[in-house]
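Trainee: Structure incoming, see below.
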Amino acid sequence: MFYTRRTVFVFICSIVFLQALYYIITLQLKKNQTISPYDLTSDKEKLSVSNDTTLIQKIEPSFISTTSIQTLVPSFIKATYVLAINLTRPDPVVFKSYPVCNFSISNNDTSIYRVTVSKTIHPFDVIEKHHDDIDWGGHWFPKTCRTEQRLALIICYRNREFHLKLFLDNIHSFLKQQQLDYTIFVVNQHGTDQFNRAALFNVGFLEAMKLYSFDCFIFHDVDLIPEDLRNVYKCGDRPRHMSVAVDKFNYKLLYSTLFGGVTAFSLSDFVGANGYPTVYWGWGGEDDDMYLRVSRKLKKSITRYPIEIARYKMIRTYNHTSGKANPHRHDILYSKYDYNRDGINTTRYNLHELVFYKTFTMINVTLTEERFEQISARLNITKRKPAKKIKTIRRKA
Ligand code: BGN
């Protein structure tokens, strides 16, 4: 009897001991994983030439549940990630000797440019296998020719994993065929505040520029997939509206000043417009505001590729509903406020973590919603008077 009791006691003790050991080990791992990416990547020069991969810490997704980023990183099952990268770039000396990459669009046979959009949602490990030549963080560049631009493709995001998977699987093949040096950034808005598409684009711009001095920025909705390779993801000397013809709208431009969906800006144009506005919480208006910034502040007109080229498929399924329409969007848009008072220079956000997944870099942020009263005081907006009622003379019966 005594012997059995002692065995049970020893057994319980060893379980407690093993549990304590496990706890200490996971705590240690947690410490190692929360290294800020900025510790390792703030030096741009180092980023541009180094091939050193020793700093990369590959973390298996199974560890997610034991780390402090548990509440911040969405559980992308089977997606591999690291918390720090060295952006791999070609050797600058060798690079200069390469011919310029020249994605040719001269062929008259248009059918060869049509892309077959893949509609199968694969798990992340399969998407990663499809694109195993990509560098951490969703960065790729041609290995045998020299690119003139470095593109940051910035996606605003909240809780649309199926869309993201379809987007990534398709867009990587598309951009590689266009022989571009690109990195994909997904700016993920946490919290319960209204979605702010435009502010997320500014965040993507600011964070991307901390990692590398990109010179071309394409701001992209996650549910739009380009269908034609001639729709080249490069920046020109004017901002470009890329998503001209979307299948959902029968491949027709909804209105002549439409500037939503996908837009392309050179660095100087984006800075010149003071970026996107930050004051549109919820659906609508922010893209129209950007259109006005381009014409009023930048003093340029936008450009577009021909309608038969700038074609997109919109992913519409998987239970996505648009956010609530912003009731103040007309008041802000038509107020002619000073664009210097709001934009990249006033973009406030709480940066939680940058996570370098294999096929994209995720920027996890929360934004704090500004009340309309505060916005109107800050931007000196006076509420528009309601349209005058037209007096109707009633005839006597
Ligand atoms: C417009 C929205 C855009 C949106 C397009 C396409 C507004 C502002 C009203 C003055 N604009 O109506 O934001 O991209 O529809 O859906 O709501």
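Naming works like this for the structure tokens: A, B, ... for the chains as they're shown, residue 1 at the start of each chain, ligands 1 onward in shown order.
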Taking only C-alpha atoms and all ligand atoms and a cut-off of 7 Å, can you tell me which residues surround ligand 1, written as a PyMOL selection string?

Mentor: chain A and resi 258+260+283-288+329-330+333

Trainee: Got a sec to tell me which of segment 247-388 of chain A DSSP assigns to strand (DSSP E), as a PyMOL selection string?

Mentor: chain A and resi 262-266+303-304+311-314+350-357+361-366

Trainee: Could you save the residues just selected, with C-alpha atoms, as a PDB file, in the first residue's frame?

Mentor:
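Produced file part.pdb, reproduced below:
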```
ATOM      1  CA  VAL A 262      -6.106  49.792 -57.682  1.00  0.00           C
ATOM      2  CA  THR A 263      -3.936  52.916 -58.106  1.00  0.00           C
ATOM      3  CA  ALA A 264      -0.243  53.458 -58.903  1.00  0.00           C
ATOM      4  CA  PHE A 265       1.895  56.355 -57.656  1.00  0.00           C
ATOM      5  CA  SER A 266       5.551  57.239 -58.017  1.00  0.00           C
ATOM      6  CA  THR A 303      -3.858  58.344 -66.461  1.00  0.00           C
ATOM      7  CA  ARG A 304      -5.302  54.931 -67.357  1.00  0.00           C
ATOM      8  CA  ARG A 311      -9.288  44.384 -66.705  1.00  0.00           C
ATOM      9  CA  TYR A 312      -9.889  42.749 -63.316  1.00  0.00           C
ATOM     10  CA  LYS A 313     -11.868  39.925 -61.787  1.00  0.00           C
ATOM     11  CA  MET A 314     -13.459  40.743 -58.450  1.00  0.00           C
ATOM     12  CA  ASN A 350      -0.389  51.768 -33.287  1.00  0.00           C
ATOM     13  CA  LEU A 351       2.075  49.388 -34.862  1.00  0.00           C
ATOM     14  CA  HIS A 352       1.942  46.011 -33.145  1.00  0.00           C
ATOM     15  CA  GLU A 353       4.166  43.802 -35.170  1.00  0.00           C
ATOM     16  CA  LEU A 354       5.599  43.271 -38.609  1.00  0.00           C
ATOM     17  CA  VAL A 355       5.470  39.632 -39.627  1.00  0.00           C
ATOM     18  CA  PHE A 356       7.407  38.457 -42.639  1.00  0.00           C
ATOM     19  CA  TYR A 357       5.409  35.608 -44.072  1.00  0.00           C
ATOM     20  CA  THR A 361       4.820  41.081 -45.229  1.00  0.00           C
ATOM     21  CA  MET A 362       2.029  41.699 -42.758  1.00  0.00           C
ATOM     22  CA  ILE A 363       1.831  45.019 -40.928  1.00  0.00           C
ATOM     23  CA  ASN A 364      -0.422  44.627 -37.897  1.00  0.00           C
ATOM     24  CA  VAL A 365      -1.937  47.891 -36.702  1.00  0.00           C
ATOM     25  CA  THR A 366      -4.799  49.437 -34.813  1.00  0.00           C
TER      26      THR A 366
END
```

Trainee: Set the distance at 9 Å and use only C-alpha atoms: which residues neighbour Glu370 of chain A once local chain neighbours fewer than 5 positions away are removed? I'd like the list as a CSV table (one decimal) with C-alpha atoms, in the first residue's frame.

Mentor:
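The file below, out-v3.csv, is the result:
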```csv
chain,number,residue,atom,x,y,z
A,279,VAL,CA,-10.5,61.0,-42.2
A,281,TRP,CA,-14.0,55.9,-41.6
A,375,ILE,CA,-12.3,65.9,-37.9
```

Trainee: Just how far from atom CA of Ser118 of chain A is atom CA of Glu227 of chain A, in Å to one decimal?

Mentor: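 Here the two named atoms are 10.6 Å from each other.
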
Trainee: Under the rule that only C-alpha atoms are counted, which of A:Gly343, A:Pro277, A:Gly282, A:Gly236 is the nearest residue to Gln149 of chain A?

Mentor: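 Closest candidate: A:Gly236.
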
Trainee: Would you mind telling me which residue in A:Asn340, A:Phe195, A:Gly204, A:Ile307 lies nearest to Val246 of chain A when using only C-alpha atoms?

Mentor: A:Ile307

Trainee: Quick one: residues within 7 Å of Thr147 of chain A, only C-alpha atoms counted, chain neighbours fewer than 4 positions away excluded, as a PyMOL selection string?

Mentor: chain A and resi 100-101+180-181

Trainee: Which neighbours of Phe205 of chain A fall inside 9 Å, counting only C-alpha atoms, when residues of the same chain fewer than 4 positions from it are skipped, and could you give them as a tab-separated table (two decimals) with N, CA and C atoms, in the first residue's frame?

Mentor:
```tsv
chain	number	residue	atom	x	y	z
A	152	ALA	N	6.47	48.60	-54.24
A	152	ALA	CA	5.81	48.14	-53.00
A	152	ALA	C	4.33	48.02	-53.33
A	154	ILE	N	0.82	47.49	-51.95
A	154	ILE	CA	0.26	47.65	-50.61
A	154	ILE	C	-1.24	47.31	-50.61
A	200	LEU	N	-4.89	53.00	-44.01
A	200	LEU	CA	-4.07	51.79	-44.07
A	200	LEU	C	-3.05	51.88	-45.20
A	201	PHE	N	-3.45	52.48	-46.30
A	201	PHE	CA	-2.51	52.66	-47.41
A	201	PHE	C	-1.34	53.55	-46.98
A	209	MET	N	8.60	52.21	-46.48
A	209	MET	CA	9.74	53.11	-46.66
A	209	MET	C	10.79	52.96	-45.55
A	210	LYS	N	10.35	52.45	-44.39
A	210	LYS	CA	11.32	52.21	-43.32
A	210	LYS	C	12.22	51.01	-43.68
A	217	PHE	N	4.63	52.73	-55.90
A	217	PHE	CA	3.67	52.21	-54.91
A	217	PHE	C	2.36	51.89	-55.62
A	275	GLY	N	-0.22	61.94	-49.69
A	275	GLY	CA	-0.77	60.60	-49.50
A	275	GLY	C	-2.30	60.58	-49.53
A	344	ILE	N	-0.44	61.86	-45.23
A	344	ILE	CA	0.66	61.09	-44.62
A	344	ILE	C	1.21	61.82	-43.39
```

Trainee: Using only C-alpha atoms, pick whichever of A:Ser104, A:Gln374, A:Thr359, A:Thr88 has the shortest atom-to-atom distance to Ile184 of chain A.

Mentor: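 Result for the nearest residue to Ile184 of chain A: A:Thr359.
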